[in-house]
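Each remark here refers to the structure printed beneath this line.
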Amino acid sequence: MAFDKMELRDIEVWDGNFAAAQAMRQCQIDVVAAYPITPSTPIVEGYAKFLADGYVEGEFVMVESEHAAMSGCIGAAAAGGRVATATSSQGFALMVETLYQASGMRLPIVLNVVNRALAAPLNVNGDHSDMYLGRDSGWIQFDAYCPQDAYDLNFIAFKVSEDHDVRLPCMVHQDGFLTSHTAQGVHTLTDDQGYGFVGEFKPMNDMLDFEHPVTHGVQTEEDWHFEHKARQHNDLMTKVMPKIQAAFDDFEKLSGRKYNIVEKYDMDDADVCVVCMGTSVETAREVATEMRAQGIKAGVVGIRVIRPFPFFEIREALKDIKAIAALDRSSPGGTVGMLFNEIAGSLYNSDSKALLSGYVYGLGGRDLTKANLVALFKELQANVDAGKVTTPLQQFIGVRGPKLAYL
Amino acid sequence: MLEIRWHSRAGQGAVTGAKGLADVVSTTGKHVQAFAFYGSAKRGAAMTAYNRVDDEVIMNHEKYMKPDYVFVIDPALAITTDITINHKETTKYIITTHLSKEELIKAQPKLEGKEVYTVDCITIANETIGRPIPNTPMLGAFMKVSGMYEIDFFKDSMKRVLEKLPQKIIDSNMLAIQRAYDEVK
């Protein structure tokens, strides 16, 4: 490999964006096609600088839109290279059409999604609207709670996505600003460790292999379309989780850092718990510990793998819980939140008698304070004490004006 | 947990200052967090940045904070914004101003009875770095007020943080840090 290595300290103070850019450098991405958008821009800027400074051997393709960015990534991945990019919000929305192309063509692409609200009204701050927009696109979705996760999950994403038994594109999500622009200590891998973990890119059905010509992006009508989609779904449902677990295990051996498909915190004897994603998971853990000092047995479940959804792991994690709050950081647009829906689906037909309530919070970067979470845990305990959900099933946390509640 | 809130204008280097401080503190084995409120801020718009420092891993990601220290690196913000918001009785203020402490408190009565330190970071930056970037001098003043680290250790650490800049700029930043350390009162 004809590129310079970079000496990193054991702990660097990086924000989530720079952590992701460093991981992309260490993975030695062949092609990044990118279009800038707040708050994800520094990821691809960082990669571009590493490339210009001779730390990466690759190509940076400047394009005219996010649709073109993902299209360029699809072309490069089909040609047979290691490919990644980053986007947020409106850019992600513009990419959606091509996201389905990438997964349908079974192309291993890593997309860093720095989560941000969707307009209108225009807002650059963090919520999970864009993450939720991509959840049926056939991609694997990982969620980071802090800059360390954003760094580590990039390596894991390449490892899983490029596996020849998987060959599905993969998103790594981090909270806009709360992770992407928040500097914290990040334990680093050396360049050799990082590259060694993901390994040399191994092409499959690559279009530049002229000895074995292949066709990508074909048309199939009612004769074959359903079979392609069903097999793609089958692989997501059956093949991906074991590979993710194996990658988590390998990564723990390498780094000592343990990731889980569902991240349980103080759940062994918990009566009440919140289920959430992003930075909220860590804040909720701190509050849960404080609630225990007040006599409320509180726990936290963080979703690490959003797609494929960890149906059985969630059922297992929540089996003895008496009251659960599903926290969705996206406006559900006329129904319950996604997490409420998935958790209900996981627990239905099980022995769980848990009381489940849903909360929408943090839209457009609205702060989720510890005080909000204290009130939430107390409300869950009140549900346990009453033996029923004492509130409407869907409430809003931290919104001004008249209290909003439905169902 | 030590918590700091910076009041700045976009472009004055509060984010760089907060991240620089976090970088230095991290090398001493403590856990750090540095972040800011952005919005669609334009250059010159009032903004805030934040530091958290703790012996344990920092899990709290709420933006709400009751700061131990408030740094004000633009002189007008002490007057035009509420720099005492979410304060506690023990909150200490380090404020960039050319005014004396008495004149400042007269101009901003909310500071009455508070622990206030003043230092003219803008003039120091102009005279050393040659540009009104008051972030590194504020950290020099903070070292004096807090006694967090020996000033020589802090300057050596900041040399590493700034290592990608031209030597002349690094040297002038060291002068600015030392001057603010000496001049804060």
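Here's how to read the names in the structure tokens: chain A, B, ... by the order shown, residue numbers from 1 in each chain, ligand numbers from 1 in the order shown.
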Cut-off 12 Å: closest chain A/chain B atom pairs per residue, using only C-alpha atoms, as CSV:
```
residue,atom,partner,partner_atom,distance
A:Arg9,CA,B:Thr27,CA,9.6
A:Asp10,CA,B:Thr27,CA,9.9
A:Ile11,CA,B:Ser26,CA,7.9
A:Glu12,CA,B:Asp23,CA,7.5
A:Val13,CA,B:Asp23,CA,5.5
A:Trp14,CA,B:Lys19,CA,8.5
A:Asp15,CA,B:Ala34,CA,8.5
A:Gly16,CA,B:Phe35,CA,11.1
A:Thr38,CA,B:Ser40,CA,9.6
A:Pro39,CA,B:Tyr38,CA,10.2
A:Arg116,CA,B:Gly39,CA,11.8
A:Leu122,CA,B:Ser40,CA,9.8
A:Asn123,CA,B:Gly39,CA,7.7
A:Val124,CA,B:Gly39,CA,6.5
A:Asn125,CA,B:Gly39,CA,6.9
A:Gly126,CA,B:Gly39,CA,10.4
A:Tyr145,CA,B:Met59,CA,9.5
A:Cys146,CA,B:Met59,CA,8.8
A:Pro147,CA,B:Gln33,CA,10.3
A:Gln148,CA,B:Val57,CA,11.6
A:Asp175,CA,B:His61,CA,10.6
A:Gly176,CA,B:Tyr38,CA,10.9
A:Phe177,CA,B:Phe35,CA,7.8
A:Leu178,CA,B:His61,CA,6.9
A:Thr179,CA,B:His61,CA,8.8
A:Ser180,CA,B:Phe35,CA,9.5
A:His181,CA,B:Phe35,CA,6.3
A:Thr182,CA,B:Phe35,CA,4.5
A:Ala183,CA,B:Ala34,CA,5.0
A:Gln184,CA,B:Gln33,CA,4.8
A:Gly185,CA,B:Val32,CA,6.5
A:Val186,CA,B:Ser26,CA,10.0
A:His187,CA,B:Ser26,CA,11.4
A:Gly278,CA,B:His61,CA,9.9
A:Thr279,CA,B:His61,CA,6.2
A:Ser280,CA,B:His61,CA,7.0
A:Val281,CA,B:Met59,CA,8.6
A:Glu282,CA,B:Met59,CA,4.9
A:Thr283,CA,B:Asn60,CA,4.4
A:Ala284,CA,B:Asn60,CA,8.1
A:Arg285,CA,B:Met59,CA,7.5
A:Glu286,CA,B:Met59,CA,6.3
A:Val287,CA,B:Asn60,CA,8.7
A:Ala288,CA,B:Met59,CA,11.5
A:Thr289,CA,B:Met59,CA,11.3
A:Gly362,CA,B:Glu62,CA,10.7
A:Gly364,CA,B:Gly39,CA,10.1
A:Gly365,CA,B:Gly39,CA,9.4
A:Arg366,CA,B:Lys63,CA,9.1
A:Asp367,CA,B:Lys63,CA,6.0
A:Leu368,CA,B:Glu62,CA,5.9
A:Thr369,CA,B:Glu62,CA,5.1
A:Lys370,CA,B:Glu62,CA,6.9
A:Ala371,CA,B:Glu62,CA,9.7
A:Asn372,CA,B:Glu62,CA,10.1
A:Leu373,CA,B:Glu62,CA,10.6
```
Tell me which protein, DNA and RNA residues are within 12 Å of A:Glu316, counting only C-alpha atoms, leaving out same-chain ones fewer than 5 positions away, and put them as a PDB file with C-alpha atoms, in the first residue's frame.
```pdb
ATOM      1  CA  ILE A 261     -27.038  -5.938  19.043  1.00  0.00           C
ATOM      2  CA  VAL A 262     -29.200  -4.616  21.879  1.00  0.00           C
ATOM      3  CA  GLU A 263     -27.365  -2.638  24.560  1.00  0.00           C
ATOM      4  CA  LYS A 264     -28.787  -3.421  27.998  1.00  0.00           C
ATOM      5  CA  MET A 267     -31.790  -4.452  32.996  1.00  0.00           C
ATOM      6  CA  ASP A 268     -31.273  -7.619  35.074  1.00  0.00           C
ATOM      7  CA  VAL A 301     -32.243  -0.485  26.396  1.00  0.00           C
ATOM      8  CA  PRO A 310     -33.449  -7.179  16.735  1.00  0.00           C
ATOM      9  CA  PHE A 311     -36.883  -8.703  17.293  1.00  0.00           C
ATOM     10  CA  ILE A 321     -40.009  -5.506  32.601  1.00  0.00           C
ATOM     11  CA  ILE A 343     -41.468  -3.159  20.458  1.00  0.00           C
ATOM     12  CA  SER A 346     -41.724  -7.980  19.430  1.00  0.00           C
ATOM     13  CA  LEU A 347     -43.701  -8.471  22.656  1.00  0.00           C
ATOM     14  CA  SER A 350     -44.995 -13.412  24.065  1.00  0.00           C
ATOM     15  CA  ASP A 351     -45.607 -13.897  27.806  1.00  0.00           C
ATOM     16  CA  SER A 352     -44.765 -10.248  28.505  1.00  0.00           C
TER      17      SER A 352
END
```
* Please, which residues of stretch 211-350 of chain A, numbered as in this document, come out strand (DSSP E) from DSSP, as number ranges by chain? -> A: 262-265, 272-276, 298-303, 305-307, 323-328
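Put simply, atom CA of A:Ser357 is 6.3 Å away from atom CA of A:Ala326.
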* Mind the document's chain letters and residue numbers, and return as a list in words the residues of stretch 12-68 of chain A that DSSP labels helix (DSSP H, G or I). =>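 Residues meeting the helix (DSSP H, G or I) criterion: Gly16, Asn17, Phe18, Ala19, Ala20, Ala21, Gln22, Ala23, Met24, Arg25, Gln26, Cys27, Thr41, Pro42, Ile43, Val44, Glu45, Gly46, Tyr47, Ala48, Lys49, Phe50, Leu51, Ala52, Glu66, His67 and Ala68 of chain A.
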* Asked: A:Ile156, A:Val399, A:Ala323, A:Met237: which is nearest A:Gly358, counting only C-alpha atoms?
  -> A:Ala323
* To one decimal in Å, tell me the separation between atom CA of B:Lys185 and atom CA of B:Lys168. =>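 Separation between atom CA of B:Lys185 and atom CA of B:Lys168: 27.9 Å.
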* Asked: For the atom pair atom CA of A:Ala150 and atom CA of B:Ala10, what is the interatomic distance in Å to one decimal place?
  ->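 Interatomic distance, atom CA of A:Ala150 to atom CA of B:Ala10: 26.4 Å.
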* Please provide as a PyMOL selection string all residues within 8 Å of B:Lys92, with the sequence filter that same-chain residues fewer than 4 positions apart are discarded (counting only C-alpha atoms). => chain B and resi 68-70+114-117
* For stretch 107-112 of chain B, please output as a list of chain:residue names all residues within 10 Å (counting only C-alpha atoms; exclusion window: fewer than 4 positions along the same chain). => B:Ala78, B:Ile79, B:Thr80, B:Thr81, B:Asp82, B:Ile83, B:Thr84, B:Ile85, B:Tyr93, B:Leu99, B:Lys101, B:Glu102, B:Glu103, B:Val116
For those residues, write N, CA and C atoms to a file as a PDB file, in the first residue's frame.
```pdb
ATOM      1  N   ALA B  78     -21.348  40.455  27.451  1.00  0.00           N
ATOM      2  CA  ALA B  78     -21.599  40.585  28.894  1.00  0.00           C
ATOM      3  C   ALA B  78     -22.735  41.562  29.146  1.00  0.00           C
ATOM      4  N   ILE B  79     -22.947  42.457  28.195  1.00  0.00           N
ATOM      5  CA  ILE B  79     -23.980  43.479  28.351  1.00  0.00           C
ATOM      6  C   ILE B  79     -25.273  43.070  27.648  1.00  0.00           C
ATOM      7  N   THR B  80     -25.141  42.510  26.408  1.00  0.00           N
ATOM      8  CA  THR B  80     -26.323  42.334  25.560  1.00  0.00           C
ATOM      9  C   THR B  80     -26.992  40.973  25.733  1.00  0.00           C
ATOM     10  N   THR B  81     -26.312  39.995  26.354  1.00  0.00           N
ATOM     11  CA  THR B  81     -26.951  38.696  26.572  1.00  0.00           C
ATOM     12  C   THR B  81     -26.923  38.388  28.061  1.00  0.00           C
ATOM     13  N   ASP B  82     -27.730  37.410  28.481  1.00  0.00           N
ATOM     14  CA  ASP B  82     -27.763  37.053  29.899  1.00  0.00           C
ATOM     15  C   ASP B  82     -26.706  35.980  30.163  1.00  0.00           C
ATOM     16  N   ILE B  83     -25.523  36.427  30.541  1.00  0.00           N
ATOM     17  CA  ILE B  83     -24.438  35.463  30.783  1.00  0.00           C
ATOM     18  C   ILE B  83     -24.581  34.776  32.139  1.00  0.00           C
ATOM     19  N   THR B  84     -25.581  35.185  32.932  1.00  0.00           N
ATOM     20  CA  THR B  84     -25.777  34.553  34.254  1.00  0.00           C
ATOM     21  C   THR B  84     -26.859  33.473  34.208  1.00  0.00           C
ATOM     22  N   ILE B  85     -27.414  33.183  33.022  1.00  0.00           N
ATOM     23  CA  ILE B  85     -28.513  32.211  32.931  1.00  0.00           C
ATOM     24  C   ILE B  85     -28.059  30.844  33.482  1.00  0.00           C
ATOM     25  N   TYR B  93     -17.047  33.884  36.878  1.00  0.00           N
ATOM     26  CA  TYR B  93     -17.116  34.519  35.552  1.00  0.00           C
ATOM     27  C   TYR B  93     -15.748  35.065  35.178  1.00  0.00           C
ATOM     28  N   LEU B  99     -13.093  47.346  30.441  1.00  0.00           N
ATOM     29  CA  LEU B  99     -13.607  48.072  31.604  1.00  0.00           C
ATOM     30  C   LEU B  99     -12.971  47.518  32.878  1.00  0.00           C
ATOM     31  N   LYS B 101     -13.534  46.164  36.788  1.00  0.00           N
ATOM     32  CA  LYS B 101     -14.582  45.297  37.317  1.00  0.00           C
ATOM     33  C   LYS B 101     -15.788  46.136  37.762  1.00  0.00           C
ATOM     34  N   GLU B 102     -15.501  47.273  38.417  1.00  0.00           N
ATOM     35  CA  GLU B 102     -16.585  48.121  38.929  1.00  0.00           C
ATOM     36  C   GLU B 102     -17.415  48.677  37.773  1.00  0.00           C
ATOM     37  N   GLU B 103     -16.729  49.157  36.720  1.00  0.00           N
ATOM     38  CA  GLU B 103     -17.437  49.694  35.551  1.00  0.00           C
ATOM     39  C   GLU B 103     -18.288  48.612  34.891  1.00  0.00           C
ATOM     40  N   VAL B 116     -16.364  37.638  39.873  1.00  0.00           N
ATOM     41  CA  VAL B 116     -16.070  38.093  38.507  1.00  0.00           C
ATOM     42  C   VAL B 116     -14.576  38.370  38.359  1.00  0.00           C
TER      43      VAL B 116
END
```
* Close residues, A:Ser65 itself excluded, 9 Å, only C-alpha atoms, min 3 positions apart in chain, as a VMD selection string -> chain A and resid 34 to 36 68 to 70 91 94 to 95
Any chance you could export the current selection's N, CA and C atoms as a tab-separated table (two decimals), in the first residue's frame?
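Result saved to part-v2.tsv:
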```
chain	number	residue	atom	x	y	z
A	34	ALA	N	-19.26	12.40	-3.05
A	34	ALA	CA	-19.92	13.09	-1.95
A	34	ALA	C	-20.40	14.48	-2.34
A	35	TYR	N	-21.44	14.90	-1.65
A	35	TYR	CA	-21.97	16.26	-1.77
A	35	TYR	C	-22.17	16.77	-0.35
A	36	PRO	N	-21.71	17.99	-0.05
A	36	PRO	CA	-21.70	18.43	1.35
A	36	PRO	C	-23.10	18.82	1.87
A	68	ALA	N	-26.64	12.11	-7.00
A	68	ALA	CA	-25.47	11.76	-7.80
A	68	ALA	C	-24.38	11.14	-6.93
A	69	ALA	N	-24.29	11.58	-5.67
A	69	ALA	CA	-23.27	11.03	-4.78
A	69	ALA	C	-23.49	9.54	-4.60
A	70	MET	N	-24.72	9.16	-4.26
A	70	MET	CA	-24.98	7.73	-4.06
A	70	MET	C	-24.91	6.98	-5.39
A	91	GLY	N	-30.27	15.91	2.19
A	91	GLY	CA	-29.40	15.16	1.30
A	91	GLY	C	-29.75	13.69	1.32
A	94	LEU	N	-32.88	13.12	-0.60
A	94	LEU	CA	-32.66	13.11	-2.05
A	94	LEU	C	-32.00	11.80	-2.50
A	95	MET	N	-31.29	11.16	-1.59
A	95	MET	CA	-30.61	9.89	-1.88
A	95	MET	C	-31.55	8.69	-1.89
```
